[in-house]
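> The file below is work_3.txt, compact mmCIF, C-alpha atoms and all ligand atoms:
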```
# COMPACT_ATOMS: atom_id res chain seq x y z
CA MET A 24 -6.84 -13.84 -27.67
CA LEU A 25 -5.91 -16.22 -24.87
CA ARG A 26 -3.27 -18.80 -25.74
CA SER A 27 -5.26 -22.00 -25.62
CA LEU A 28 -4.27 -25.42 -24.35
CA LYS A 29 -6.04 -26.73 -27.45
CA ASN A 30 -3.21 -25.36 -29.60
CA ILE A 31 -0.67 -27.73 -28.07
CA ALA A 32 -2.95 -30.71 -27.43
CA ASP A 33 -0.95 -32.98 -29.75
CA ASP A 34 2.34 -32.24 -28.09
CA LEU A 35 1.80 -33.15 -24.44
CA ALA A 36 3.02 -36.72 -24.07
CA GLY A 37 5.71 -36.88 -21.42
CA LYS A 38 5.58 -33.12 -20.77
CA ARG A 39 5.53 -31.98 -17.15
CA VAL A 40 2.49 -29.72 -16.93
CA ILE A 41 1.66 -27.58 -13.92
CA VAL A 42 -2.08 -26.88 -13.76
CA ARG A 43 -3.09 -23.92 -11.61
CA CYS A 44 -6.62 -24.78 -10.47
CA ASP A 45 -9.04 -23.13 -8.06
CA LEU A 46 -9.85 -25.96 -5.66
CA ASN A 47 -10.88 -23.54 -2.93
CA VAL A 48 -13.94 -25.52 -1.82
CA PRO A 49 -16.05 -24.88 1.28
CA LEU A 50 -15.16 -27.29 4.12
CA LYS A 51 -16.88 -28.07 7.38
CA GLU A 52 -14.79 -29.97 9.91
CA GLY A 53 -12.62 -31.42 7.16
CA VAL A 54 -15.57 -32.47 4.98
CA ILE A 55 -16.12 -30.84 1.58
CA THR A 56 -19.62 -29.36 1.56
CA ASP A 57 -19.63 -28.47 -2.15
CA ASP A 58 -17.25 -29.98 -4.69
CA GLY A 59 -18.33 -27.79 -7.62
CA ARG A 60 -14.89 -26.26 -8.11
CA ILE A 61 -13.24 -29.68 -8.21
CA ARG A 62 -15.76 -30.88 -10.80
CA ALA A 63 -15.22 -27.73 -12.86
CA SER A 64 -11.47 -28.45 -12.92
CA LEU A 65 -11.80 -32.06 -14.10
CA PRO A 66 -12.04 -31.71 -17.90
CA THR A 67 -8.66 -30.00 -18.19
CA ILE A 68 -6.90 -32.34 -15.74
CA ARG A 69 -8.38 -35.35 -17.50
CA ALA A 70 -7.45 -34.07 -20.97
CA LEU A 71 -3.83 -33.55 -19.88
CA SER A 72 -3.62 -36.97 -18.29
CA ASP A 73 -5.20 -38.66 -21.31
CA ALA A 74 -2.68 -36.90 -23.55
CA GLY A 75 0.12 -38.54 -21.54
CA ALA A 76 1.30 -35.46 -19.68
CA LYS A 77 2.75 -35.61 -16.17
CA VAL A 78 0.18 -33.51 -14.35
CA ILE A 79 1.10 -31.37 -11.36
CA VAL A 80 -2.02 -29.76 -9.88
CA VAL A 81 -1.59 -26.68 -7.68
CA SER A 82 -4.20 -24.58 -5.84
CA HIS A 83 -4.89 -22.44 -2.83
CA LEU A 84 -7.53 -23.01 -0.15
CA GLY A 85 -8.81 -20.24 2.12
CA ARG A 86 -6.54 -17.55 3.48
CA PRO A 87 -3.86 -19.19 5.66
CA GLU A 88 -1.64 -16.10 5.32
CA GLY A 89 1.65 -17.69 4.38
CA SER A 90 2.12 -20.55 6.84
CA PRO A 91 0.68 -24.07 7.23
CA VAL A 92 -2.75 -24.17 8.90
CA GLU A 93 -4.23 -27.64 9.32
CA LYS A 94 -7.81 -26.68 8.47
CA TYR A 95 -6.70 -25.26 5.11
CA SER A 96 -4.91 -28.40 3.98
CA LEU A 97 -5.75 -29.66 0.49
CA ALA A 98 -5.57 -33.29 1.71
CA PRO A 99 -9.39 -33.79 1.65
CA VAL A 100 -9.44 -32.30 -1.85
CA ALA A 101 -6.86 -34.86 -3.03
CA PHE A 102 -9.20 -37.69 -1.96
CA ARG A 103 -12.19 -36.17 -3.70
CA LEU A 104 -10.19 -35.38 -6.84
CA GLU A 105 -9.03 -39.00 -6.97
CA GLU A 106 -12.64 -40.25 -6.67
CA LEU A 107 -13.98 -37.92 -9.35
CA LEU A 108 -11.07 -38.47 -11.70
CA GLY A 109 -11.19 -42.24 -11.28
CA GLN A 110 -7.42 -42.56 -11.11
CA PRO A 111 -4.80 -42.25 -8.36
CA VAL A 112 -3.84 -38.76 -7.21
CA VAL A 113 -0.60 -38.51 -5.22
CA PHE A 114 -0.77 -35.85 -2.51
CA ALA A 115 2.44 -34.03 -1.57
CA ALA A 116 2.16 -32.42 1.87
CA ASP A 117 4.34 -29.44 0.92
CA THR A 118 4.78 -27.10 -2.05
CA VAL A 119 8.51 -26.56 -2.60
CA GLY A 120 9.73 -29.10 -0.01
CA PRO A 121 11.07 -32.65 -0.25
CA GLN A 122 7.66 -34.35 -0.75
CA ALA A 123 6.70 -32.19 -3.72
CA LYS A 124 10.15 -32.60 -5.22
CA ALA A 125 10.02 -36.38 -4.94
CA ALA A 126 6.39 -36.72 -6.08
CA THR A 127 6.87 -34.57 -9.16
CA LYS A 128 10.06 -36.41 -10.08
CA LEU A 129 8.40 -39.83 -9.80
CA LEU A 130 5.42 -38.92 -12.01
CA GLU A 131 4.72 -41.22 -14.92
CA HIS A 132 3.03 -40.37 -18.21
CA GLY A 133 -0.62 -39.60 -17.39
CA GLY A 134 0.06 -39.49 -13.65
CA VAL A 135 -1.43 -36.81 -11.39
CA VAL A 136 0.00 -35.22 -8.25
CA LEU A 137 -1.61 -32.51 -6.11
CA LEU A 138 0.68 -30.25 -4.08
CA GLU A 139 -0.32 -28.80 -0.69
CA ASN A 140 -1.97 -25.36 -0.41
CA LEU A 141 0.17 -22.77 -2.23
CA ARG A 142 -0.73 -20.14 0.35
CA PHE A 143 1.09 -22.10 3.06
CA ASN A 144 4.11 -20.41 1.49
CA PRO A 145 4.41 -16.64 2.08
CA GLY A 146 5.69 -16.16 -1.49
CA GLU A 147 2.37 -17.06 -3.13
CA ALA A 148 0.32 -14.03 -2.12
CA SER A 149 3.12 -11.71 -1.02
CA LYS A 150 2.83 -8.00 -1.79
CA ASP A 151 6.58 -8.08 -2.44
CA GLU A 152 7.24 -8.81 -6.08
CA THR A 153 10.68 -10.34 -5.51
CA GLU A 154 9.27 -12.73 -2.93
CA ARG A 155 6.57 -13.85 -5.39
CA GLN A 156 9.13 -14.15 -8.15
CA SER A 157 11.39 -16.41 -6.10
CA PHE A 158 8.48 -18.69 -5.10
CA ALA A 159 7.39 -18.85 -8.75
CA GLU A 160 10.95 -19.76 -9.78
CA GLN A 161 10.92 -22.68 -7.35
CA LEU A 162 7.54 -23.87 -8.67
CA ALA A 163 8.74 -23.50 -12.26
CA THR A 164 11.39 -26.19 -11.72
CA TYR A 165 8.58 -28.79 -11.61
CA GLY A 166 7.13 -28.04 -15.02
CA ASP A 167 7.80 -27.64 -18.72
CA LEU A 168 4.65 -25.58 -19.09
CA LEU A 169 1.79 -24.04 -17.15
CA VAL A 170 -1.92 -24.39 -17.75
CA SER A 171 -3.81 -21.62 -15.99
CA ASN A 172 -7.26 -22.89 -15.10
CA GLY A 173 -8.06 -21.26 -11.74
CA PHE A 174 -10.56 -18.70 -12.93
CA GLY A 175 -11.42 -17.66 -9.36
CA VAL A 176 -7.91 -16.22 -8.90
CA VAL A 177 -7.11 -14.61 -12.26
CA HIS A 178 -7.77 -11.17 -10.76
CA ARG A 179 -4.92 -11.71 -8.28
CA LYS A 180 -1.31 -10.88 -9.01
CA GLN A 181 -0.03 -13.95 -7.18
CA ALA A 182 3.03 -16.11 -7.81
CA SER A 183 1.30 -19.14 -9.35
CA VAL A 184 -1.16 -16.99 -11.31
CA TYR A 185 1.08 -14.26 -12.66
CA GLU A 186 4.84 -14.66 -12.18
CA LEU A 187 4.80 -18.40 -12.94
CA ALA A 188 2.84 -17.77 -16.14
CA LYS A 189 5.67 -15.53 -17.30
CA LEU A 190 8.40 -18.02 -16.41
CA LEU A 191 6.94 -20.99 -18.30
CA PRO A 192 5.16 -21.27 -21.64
CA SER A 193 1.59 -20.77 -20.41
CA TYR A 194 -1.88 -21.52 -21.75
CA ALA A 195 -5.48 -21.05 -20.67
CA GLY A 196 -7.31 -24.24 -19.66
CA ASP A 197 -10.89 -25.13 -20.65
CA LEU A 198 -12.46 -23.58 -17.57
CA VAL A 199 -10.78 -20.20 -17.98
CA GLU A 200 -11.80 -20.17 -21.64
CA LEU A 201 -15.40 -21.03 -20.82
CA GLU A 202 -15.68 -18.43 -18.06
CA VAL A 203 -14.21 -15.71 -20.24
CA SER A 204 -16.55 -16.52 -23.13
CA VAL A 205 -19.58 -16.06 -20.85
CA LEU A 206 -18.26 -12.83 -19.37
CA GLU A 207 -17.62 -11.50 -22.86
CA LYS A 208 -21.32 -11.95 -23.57
CA LEU A 209 -22.18 -10.04 -20.40
CA THR A 210 -19.93 -7.12 -21.27
CA GLU A 211 -20.16 -6.85 -25.04
CA GLN A 212 -23.71 -7.83 -25.86
CA ALA A 213 -25.58 -7.29 -22.59
CA GLN A 214 -29.26 -6.87 -23.28
CA ARG A 215 -31.14 -4.32 -21.20
CA PRO A 216 -32.38 -4.05 -18.56
CA TYR A 217 -29.12 -5.25 -16.99
CA THR A 218 -29.20 -5.98 -13.26
CA VAL A 219 -26.37 -6.89 -10.91
CA VAL A 220 -27.30 -8.52 -7.60
CA LEU A 221 -24.75 -8.32 -4.79
CA GLY A 222 -24.60 -9.90 -1.36
CA GLY A 223 -22.27 -12.05 0.70
CA ALA A 224 -19.75 -11.30 3.35
CA LYS A 225 -16.67 -9.72 1.75
CA VAL A 226 -18.11 -6.30 2.45
CA SER A 227 -15.30 -3.91 1.59
CA ASP A 228 -14.27 -5.91 -1.52
CA LYS A 229 -17.76 -5.73 -2.91
CA LEU A 230 -18.81 -2.22 -1.94
CA GLY A 231 -15.79 -1.04 -3.91
CA VAL A 232 -16.97 -2.64 -7.15
CA ILE A 233 -20.38 -0.94 -7.11
CA GLU A 234 -18.96 2.42 -8.12
CA HIS A 235 -17.34 0.85 -11.19
CA LEU A 236 -20.42 -1.13 -12.16
CA LEU A 237 -22.78 1.86 -12.02
CA PRO A 238 -21.97 3.20 -15.51
CA LYS A 239 -22.61 -0.25 -17.01
CA VAL A 240 -25.92 -1.38 -15.52
CA ASP A 241 -29.56 -0.33 -15.00
CA LYS A 242 -30.14 -1.70 -11.51
CA ILE A 243 -28.05 -2.84 -8.57
CA VAL A 244 -29.82 -5.03 -6.01
CA ILE A 245 -28.07 -5.30 -2.64
CA GLY A 246 -28.59 -7.86 0.13
CA GLY A 247 -26.44 -10.16 2.26
CA GLY A 248 -23.94 -9.08 4.89
CA MET A 249 -22.89 -6.01 2.94
CA VAL A 250 -26.32 -4.41 3.00
CA PHE A 251 -26.01 -3.42 6.65
CA THR A 252 -23.18 -1.05 5.88
CA VAL A 253 -25.43 0.46 3.20
CA LEU A 254 -28.36 0.77 5.63
CA ALA A 255 -26.02 2.31 8.23
CA ALA A 256 -24.90 4.87 5.65
CA GLN A 257 -28.57 5.86 5.31
CA GLY A 258 -28.60 6.56 9.04
CA HIS A 259 -30.20 3.34 10.31
CA ASP A 260 -29.03 1.58 13.45
CA VAL A 261 -28.16 -1.99 12.38
CA ALA A 262 -27.56 -3.32 15.95
CA ALA A 263 -25.13 -6.30 15.90
CA SER A 264 -25.36 -6.91 12.14
CA LEU A 265 -22.21 -7.09 10.01
CA LEU A 266 -20.94 -3.52 9.62
CA GLU A 267 -17.79 -1.99 8.17
CA ALA A 268 -17.85 1.53 9.55
CA ASP A 269 -14.89 2.68 7.47
CA GLN A 270 -16.89 2.04 4.29
CA LEU A 271 -19.70 4.52 4.94
CA ASN A 272 -18.19 7.16 2.68
CA VAL A 273 -17.76 4.64 -0.13
CA VAL A 274 -21.49 3.98 0.11
CA ARG A 275 -22.43 7.67 0.15
CA ASN A 276 -20.30 8.18 -2.97
CA PHE A 277 -21.99 5.48 -4.96
CA PHE A 278 -25.42 6.71 -3.93
CA SER A 279 -24.76 10.14 -5.36
CA GLN A 280 -23.19 8.66 -8.49
CA ALA A 281 -26.17 6.33 -8.97
CA ALA A 282 -28.50 9.32 -8.75
CA ASP A 283 -26.49 11.16 -11.41
CA LEU A 284 -26.49 8.18 -13.73
CA GLY A 285 -30.12 7.23 -13.16
CA VAL A 286 -29.21 3.77 -11.88
CA GLU A 287 -31.73 2.25 -9.52
CA ILE A 288 -30.34 0.85 -6.25
CA VAL A 289 -32.72 -1.75 -4.83
CA LEU A 290 -32.41 -2.28 -1.07
CA PRO A 291 -34.33 -4.50 1.36
CA THR A 292 -37.34 -2.99 3.08
CA ASP A 293 -37.48 -5.76 5.68
CA VAL A 294 -34.86 -7.90 7.38
CA VAL A 295 -34.81 -11.18 9.31
CA VAL A 296 -33.14 -10.35 12.61
CA ALA A 297 -31.73 -13.16 14.80
CA SER A 298 -30.77 -13.37 18.47
CA GLY A 299 -27.28 -14.51 17.46
CA PHE A 300 -25.19 -16.17 14.77
CA SER A 301 -26.43 -19.74 15.04
CA PRO A 302 -28.65 -22.15 13.10
CA ASP A 303 -31.14 -22.36 15.98
CA ALA A 304 -31.15 -18.68 16.97
CA SER A 305 -34.58 -17.09 17.57
CA PHE A 306 -35.56 -14.68 14.83
CA GLU A 307 -38.19 -12.19 13.68
CA THR A 308 -38.83 -10.03 10.63
CA VAL A 309 -38.67 -6.25 11.09
CA PRO A 310 -38.64 -3.24 8.76
CA ALA A 311 -35.13 -2.40 7.53
CA ASN A 312 -35.15 0.86 9.50
CA GLU A 313 -36.19 -0.90 12.74
CA ILE A 314 -33.40 -3.46 13.14
CA ALA A 315 -32.36 -2.08 16.53
CA ASN A 316 -35.96 -2.28 17.76
CA SER A 317 -36.41 -6.05 17.41
CA SER A 318 -36.98 -7.98 20.62
CA PHE A 319 -33.24 -8.77 20.66
CA GLY A 320 -32.32 -5.10 20.95
CA ALA A 321 -28.67 -4.23 20.39
CA ALA A 322 -27.80 -7.96 20.16
CA GLY A 323 -30.00 -8.41 17.09
CA MET A 324 -28.22 -9.55 13.95
CA GLY A 325 -29.63 -9.27 10.44
CA LEU A 326 -29.07 -12.68 8.87
CA ASP A 327 -31.39 -12.52 5.84
CA ILE A 328 -33.54 -10.17 3.81
CA GLY A 329 -37.23 -10.38 4.72
CA PRO A 330 -40.05 -11.87 2.59
CA GLU A 331 -41.27 -8.50 1.29
CA SER A 332 -37.73 -7.68 0.10
CA ALA A 333 -37.37 -11.14 -1.41
CA ARG A 334 -40.50 -10.52 -3.52
CA ALA A 335 -39.27 -7.10 -4.66
CA PHE A 336 -35.80 -8.45 -5.47
CA ALA A 337 -37.31 -11.35 -7.42
CA GLU A 338 -39.43 -8.94 -9.44
CA ALA A 339 -36.45 -6.69 -10.26
CA ILE A 340 -34.48 -9.74 -11.37
CA ALA A 341 -37.12 -11.59 -13.34
CA SER A 342 -37.99 -8.44 -15.34
CA SER A 343 -34.37 -8.03 -16.49
CA LYS A 344 -32.81 -9.40 -19.69
CA THR A 345 -29.30 -9.75 -18.26
CA VAL A 346 -28.51 -10.60 -14.64
CA PHE A 347 -25.27 -11.24 -12.82
CA TRP A 348 -25.53 -12.36 -9.20
CA ASN A 349 -22.69 -12.64 -6.71
CA GLY A 350 -23.09 -13.19 -2.97
CA PRO A 351 -25.82 -14.94 -0.95
CA MET A 352 -28.67 -12.74 0.37
CA GLY A 353 -28.32 -14.20 3.86
CA VAL A 354 -26.66 -16.91 5.91
CA PHE A 355 -28.07 -19.61 3.62
CA GLU A 356 -26.03 -22.28 5.44
CA PHE A 357 -28.65 -22.01 8.24
CA ALA A 358 -32.09 -23.13 6.96
CA ASN A 359 -33.96 -20.32 8.77
CA PHE A 360 -31.95 -17.69 6.93
CA ALA A 361 -31.91 -19.15 3.42
CA GLY A 362 -35.23 -17.69 2.22
CA GLY A 363 -33.81 -14.59 0.53
CA THR A 364 -31.10 -16.53 -1.29
CA ARG A 365 -33.66 -19.11 -2.44
CA ALA A 366 -36.00 -16.41 -3.78
CA VAL A 367 -33.19 -14.71 -5.70
CA ALA A 368 -31.95 -18.01 -7.14
CA GLN A 369 -35.49 -18.88 -8.21
CA ALA A 370 -35.88 -15.49 -9.89
CA LEU A 371 -32.65 -16.00 -11.83
CA THR A 372 -34.03 -19.24 -13.24
CA GLU A 373 -37.02 -17.24 -14.56
CA VAL A 374 -35.01 -14.62 -16.42
CA ASN A 375 -35.86 -14.41 -20.09
CA GLY A 376 -32.29 -13.74 -21.19
CA LEU A 377 -28.88 -14.43 -19.69
CA ALA A 378 -28.65 -15.10 -15.93
CA VAL A 379 -25.23 -15.84 -14.45
CA VAL A 380 -24.36 -16.86 -10.88
CA GLY A 381 -20.79 -16.19 -9.77
CA GLY A 382 -18.81 -16.85 -6.60
CA GLY A 383 -17.79 -19.90 -4.59
CA ASP A 384 -20.45 -19.58 -1.92
CA SER A 385 -23.17 -18.37 -4.28
CA ALA A 386 -22.62 -21.36 -6.56
CA ALA A 387 -22.56 -23.66 -3.52
CA ALA A 388 -25.80 -22.05 -2.30
CA VAL A 389 -27.78 -22.71 -5.48
CA ARG A 390 -26.67 -26.34 -5.45
CA ALA A 391 -27.32 -26.76 -1.71
CA LEU A 392 -30.82 -25.32 -2.16
CA GLY A 393 -31.55 -27.95 -4.79
CA PHE A 394 -31.54 -25.93 -8.00
CA GLU A 395 -30.49 -27.64 -11.23
CA GLU A 396 -27.32 -26.11 -12.64
CA SER A 397 -28.93 -26.17 -16.08
CA ALA A 398 -31.61 -23.73 -14.90
CA PHE A 399 -29.02 -20.94 -15.04
CA GLY A 400 -27.24 -19.48 -18.06
CA HIS A 401 -23.94 -20.16 -16.36
CA ILE A 402 -22.59 -20.83 -12.88
CA SER A 403 -19.20 -19.23 -12.58
CA THR A 404 -16.50 -20.48 -10.22
CA GLY A 405 -15.26 -16.93 -9.71
CA GLY A 406 -16.95 -14.16 -7.69
CA GLY A 407 -14.31 -11.45 -7.34
CA ALA A 408 -12.74 -12.32 -10.69
CA SER A 409 -16.09 -12.09 -12.51
CA LEU A 410 -16.96 -8.78 -10.86
CA GLU A 411 -13.62 -7.24 -11.78
CA TYR A 412 -14.02 -8.45 -15.36
CA LEU A 413 -17.48 -6.86 -15.53
CA GLU A 414 -16.07 -3.63 -14.13
CA GLY A 415 -13.82 -3.54 -17.18
CA LYS A 416 -10.59 -4.03 -15.24
CA SER A 417 -7.70 -5.87 -16.79
CA LEU A 418 -7.06 -9.08 -14.88
CA PRO A 419 -3.35 -9.91 -14.43
CA GLY A 420 -3.88 -13.67 -14.66
CA LEU A 421 -5.59 -13.29 -18.05
CA GLU A 422 -3.28 -10.57 -19.32
CA VAL A 423 -0.27 -12.92 -19.08
CA LEU A 424 -2.09 -15.51 -21.20
CA ASN A 425 -2.72 -13.07 -24.03
CA ASP A 426 -0.61 -12.96 -27.16
P1 LIG B 501 -19.12 -15.65 -2.77
O1 LIG B 501 -18.20 -16.75 -2.30
O2 LIG B 501 -20.28 -16.17 -3.55
O3 LIG B 501 -18.37 -14.56 -3.50
P2 LIG B 501 -19.00 -14.35 -0.19
O4 LIG B 501 -17.80 -15.19 0.13
O5 LIG B 501 -18.80 -12.90 -0.34
O6 LIG B 501 -19.75 -14.95 -1.47
O7 LIG B 501 -20.09 -14.49 0.96
C1 LIG B 501 -20.67 -15.71 1.33
C2 LIG B 501 -21.02 -15.75 2.78
O8 LIG B 501 -21.77 -14.61 3.16
C3 LIG B 501 -21.87 -16.93 3.16
O9 LIG B 501 -21.10 -17.84 3.91
C4 LIG B 501 -23.02 -16.32 3.98
O10 LIG B 501 -23.29 -17.04 5.17
C5 LIG B 501 -22.50 -14.95 4.31
N1 LIG B 501 -23.57 -13.98 4.58
C6 LIG B 501 -24.60 -13.66 3.79
N2 LIG B 501 -25.43 -12.80 4.41
C7 LIG B 501 -24.91 -12.55 5.63
C8 LIG B 501 -25.31 -11.77 6.76
N3 LIG B 501 -26.43 -11.03 6.73
N4 LIG B 501 -24.52 -11.78 7.84
C9 LIG B 501 -23.39 -12.52 7.87
N5 LIG B 501 -22.96 -13.29 6.86
C10 LIG B 501 -23.71 -13.32 5.74
MG MG B 502 -16.87 -16.86 -0.62
```
Give the structure from this file in structure tokens form.
Ligand code: ADP
Ligand code: MG

Amino acid sequence: MLRSLKNIADDLAGKRVIVRCDLNVPLKEGVITDDGRIRASLPTIRALSDAGAKVIVVSHLGRPEGSPVEKYSLAPVAFRLEELLGQPVVFAADTVGPQAKAATKLLEHGGVVLLENLRFNPGEASKDETERQSFAEQLATYGDLLVSNGFGVVHRKQASVYELAKLLPSYAGDLVELEVSVLEKLTEQAQRPYTVVLGGAKVSDKLGVIEHLLPKVDKIVIGGGMVFTVLAAQGHDVAASLLEADQLNVVRNFFSQAADLGVEIVLPTDVVVASGFSPDASFETVPANEIANSSFGAAGMGLDIGPESARAFAEAIASSKTVFWNGPMGVFEFANFAGGTRAVAQALTEVNGLAVVGGGDSAAAVRALGFEESAFGHISTGGGASLEYLEGKSLPGLEVLND
């Protein structure tokens, strides 16, 4: 059982509470294009503030690799958080520097401060345990307790997620509790047929999970950027499409395992190939084994699944009783390449059972394409974290919150 913030709700007045959130929102030229993760974090922040706690919000944004990078600043998030919360949010432009120290010291009962991107400090995501520990010790000086509410990072052994949770009395926030309760349903009472739909761009991360999911599901549907490595493993020339050549053996392994287990792998039969990576690129639909023979030749880039594939994917999804989807089917940010993602999202809304969308960009995609959040069983803020949970792995950021 996770230690719950609810257990200490009466004892928060005046307490300094660090809240680890996942405010890793998509940004375009400094403008937040989807604020879903900020909204999902609000109930816990608000509850703490209402209870009179001094609230210190911490998060990461993107992968700045341990030093300050302007485009990964949380400053725009502080503005949005303030608007949504309807109360002032002080932004400290460092994490363990003079601004954060002063801002956390000056906090009043119910006040909220947001510190700069944790990953601007090398200690946050360091592979070296002692480096993480020492960063966590510095963070711990700000708080009397930690509320862990960044579901999207609970699969990471990082300073603010893991070491900090051991240093301070730590509790799961509302969002982590909600996410875990949905994932429990997917693992413990999954009705069959059970289908997992995978796409997106983090190719090697996601190809790795397929092998672990195979024993648990009936069908795996694959699209998005990762599918080109799969098509390449089948011997097709994918021209300039996204390809991770060092993953071909991983793919061959899961194919043979899928055959042994009788799991169906559903792949696109047609692909939308573009002249380049741009919203106004020329494009045409070709069979999945003819990508290199489009009129763009070797420069052709697969940016979406084709309409025939979209229909087949939709059918596989809508006929399932349990569906988990992570990763857009194409570059949905460009209107011409959003068709596959739209078809898959639509099919999820038609599932007679439990349909869950997970992942920052996948969640952003369904909202950007105009779907009502209520049309899905659940929209999870975590992609990688959800997948690892479904694989049956133990997640360090949850483990430390367990009694
Ligand atoms: P999530 O955040 O939901 O876990 P990812 O971060 O793995 O998803 O992937 C999302 C990104 O994948 C999107 O920005 C989308 O543009 C990109 N993507 C999808 N299909 C392709 C493709 N065929 N080529 C390149 N990028 C793609
Ligand atoms: Mg993403």
> Quick one: residues within 7 Å of segment 252-260 of chain A, all atoms listed in the file counted, chain neighbours fewer than 3 positions away excluded, as a ChimeraX atom specification?
/A:249,266-268,271,274-275,312,314-315
> Give me, as an mmCIF file with C-alpha atoms, keeping the file's coordinate frame, the set of residues whose atoms come within 7 Å of any atom of ligand MG 502 (chain B), counting only C-alpha atoms and all ligand atoms.

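Okay, this is what ended up in part-v1.cif:
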```
data_model
loop_
_atom_site.group_PDB
_atom_site.id
_atom_site.type_symbol
_atom_site.label_atom_id
_atom_site.label_comp_id
_atom_site.auth_asym_id
_atom_site.auth_seq_id
_atom_site.Cartn_x
_atom_site.Cartn_y
_atom_site.Cartn_z
ATOM 1 C CA GLY A 382 -18.810 -16.850 -6.600
ATOM 2 C CA GLY A 383 -17.790 -19.900 -4.590
ATOM 3 C CA ASP A 384 -20.450 -19.580 -1.920
#
```
> Have a look at A:Ala159, A:Leu421, A:Val80, A:Leu50 and name the one nearest to ligand LIG 501 (chain B); count only C-alpha atoms and all ligand atoms.
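Closest residue, counting only C-alpha atoms and all ligand atoms: A:Leu50.
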> May I have the residues within 6 Å of ligand LIG 501 (chain B), computed using only C-alpha atoms and all ligand atoms, as a list in words?
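Residues lying within 6 Å of ligand LIG 501 (chain B): Gly223, Ala224, Lys225, Gly247, Gly248, Leu265, Gly325, Leu326, Asp327, Asn349, Gly350, Pro351, Met352, Gly353, Val354, Phe355, Glu356, Gly382, Gly383, Asp384, Ser385 and Gly406 of chain A.
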> Just C-alpha atoms for this one: save the residues we selected as an mmCIF file, keeping the file's coordinate frame.

```cif
data_model
loop_
_atom_site.group_PDB
_atom_site.id
_atom_site.type_symbol
_atom_site.label_atom_id
_atom_site.label_comp_id
_atom_site.auth_asym_id
_atom_site.auth_seq_id
_atom_site.Cartn_x
_atom_site.Cartn_y
_atom_site.Cartn_z
ATOM 1 C CA GLY A 223 -22.270 -12.050 0.700
ATOM 2 C CA ALA A 224 -19.750 -11.300 3.350
ATOM 3 C CA LYS A 225 -16.670 -9.720 1.750
ATOM 4 C CA GLY A 247 -26.440 -10.160 2.260
ATOM 5 C CA GLY A 248 -23.940 -9.080 4.890
ATOM 6 C CA LEU A 265 -22.210 -7.090 10.010
ATOM 7 C CA GLY A 325 -29.630 -9.270 10.440
ATOM 8 C CA LEU A 326 -29.070 -12.680 8.870
ATOM 9 C CA ASP A 327 -31.390 -12.520 5.840
ATOM 10 C CA ASN A 349 -22.690 -12.640 -6.710
ATOM 11 C CA GLY A 350 -23.090 -13.190 -2.970
ATOM 12 C CA PRO A 351 -25.820 -14.940 -0.950
ATOM 13 C CA MET A 352 -28.670 -12.740 0.370
ATOM 14 C CA GLY A 353 -28.320 -14.200 3.860
ATOM 15 C CA VAL A 354 -26.660 -16.910 5.910
ATOM 16 C CA PHE A 355 -28.070 -19.610 3.620
ATOM 17 C CA GLU A 356 -26.030 -22.280 5.440
ATOM 18 C CA GLY A 382 -18.810 -16.850 -6.600
ATOM 19 C CA GLY A 383 -17.790 -19.900 -4.590
ATOM 20 C CA ASP A 384 -20.450 -19.580 -1.920
ATOM 21 C CA SER A 385 -23.170 -18.370 -4.280
ATOM 22 C CA GLY A 406 -16.950 -14.160 -7.690
#
```
> Set up a box along x, y and z of the file covering all listed atoms of segment 206-221 of chain A, add 6 Å on every one of the six sides, and write the centre and edge lengths in Å to one decimal, as JSON.

```
{"center_x": -25.0, "center_y": -8.4, "center_z": -15.3, "size_x": 26.8, "size_y": 20.8, "size_z": 33.1}
```
> Go ahead and find all residues with at least one atom no further than 12 Å from (-0.4, -33.7, -25.7) in the file's coordinates, using only C-alpha atoms; report them as an mmCIF file with C-alpha atoms, keeping the file's coordinate frame.

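The result, stored in selection38.cif:
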```cif
data_model
loop_
_atom_site.group_PDB
_atom_site.id
_atom_site.type_symbol
_atom_site.label_atom_id
_atom_site.label_comp_id
_atom_site.auth_asym_id
_atom_site.auth_seq_id
_atom_site.Cartn_x
_atom_site.Cartn_y
_atom_site.Cartn_z
ATOM 1 C CA LEU A 28 -4.270 -25.420 -24.350
ATOM 2 C CA LYS A 29 -6.040 -26.730 -27.450
ATOM 3 C CA ASN A 30 -3.210 -25.360 -29.600
ATOM 4 C CA ILE A 31 -0.670 -27.730 -28.070
ATOM 5 C CA ALA A 32 -2.950 -30.710 -27.430
ATOM 6 C CA ASP A 33 -0.950 -32.980 -29.750
ATOM 7 C CA ASP A 34 2.340 -32.240 -28.090
ATOM 8 C CA LEU A 35 1.800 -33.150 -24.440
ATOM 9 C CA ALA A 36 3.020 -36.720 -24.070
ATOM 10 C CA GLY A 37 5.710 -36.880 -21.420
ATOM 11 C CA LYS A 38 5.580 -33.120 -20.770
ATOM 12 C CA ARG A 39 5.530 -31.980 -17.150
ATOM 13 C CA VAL A 40 2.490 -29.720 -16.930
ATOM 14 C CA THR A 67 -8.660 -30.000 -18.190
ATOM 15 C CA ILE A 68 -6.900 -32.340 -15.740
ATOM 16 C CA ARG A 69 -8.380 -35.350 -17.500
ATOM 17 C CA ALA A 70 -7.450 -34.070 -20.970
ATOM 18 C CA LEU A 71 -3.830 -33.550 -19.880
ATOM 19 C CA SER A 72 -3.620 -36.970 -18.290
ATOM 20 C CA ASP A 73 -5.200 -38.660 -21.310
ATOM 21 C CA ALA A 74 -2.680 -36.900 -23.550
ATOM 22 C CA GLY A 75 0.120 -38.540 -21.540
ATOM 23 C CA ALA A 76 1.300 -35.460 -19.680
ATOM 24 C CA LYS A 77 2.750 -35.610 -16.170
ATOM 25 C CA VAL A 78 0.180 -33.510 -14.350
ATOM 26 C CA HIS A 132 3.030 -40.370 -18.210
ATOM 27 C CA GLY A 133 -0.620 -39.600 -17.390
ATOM 28 C CA LEU A 168 4.650 -25.580 -19.090
#
```
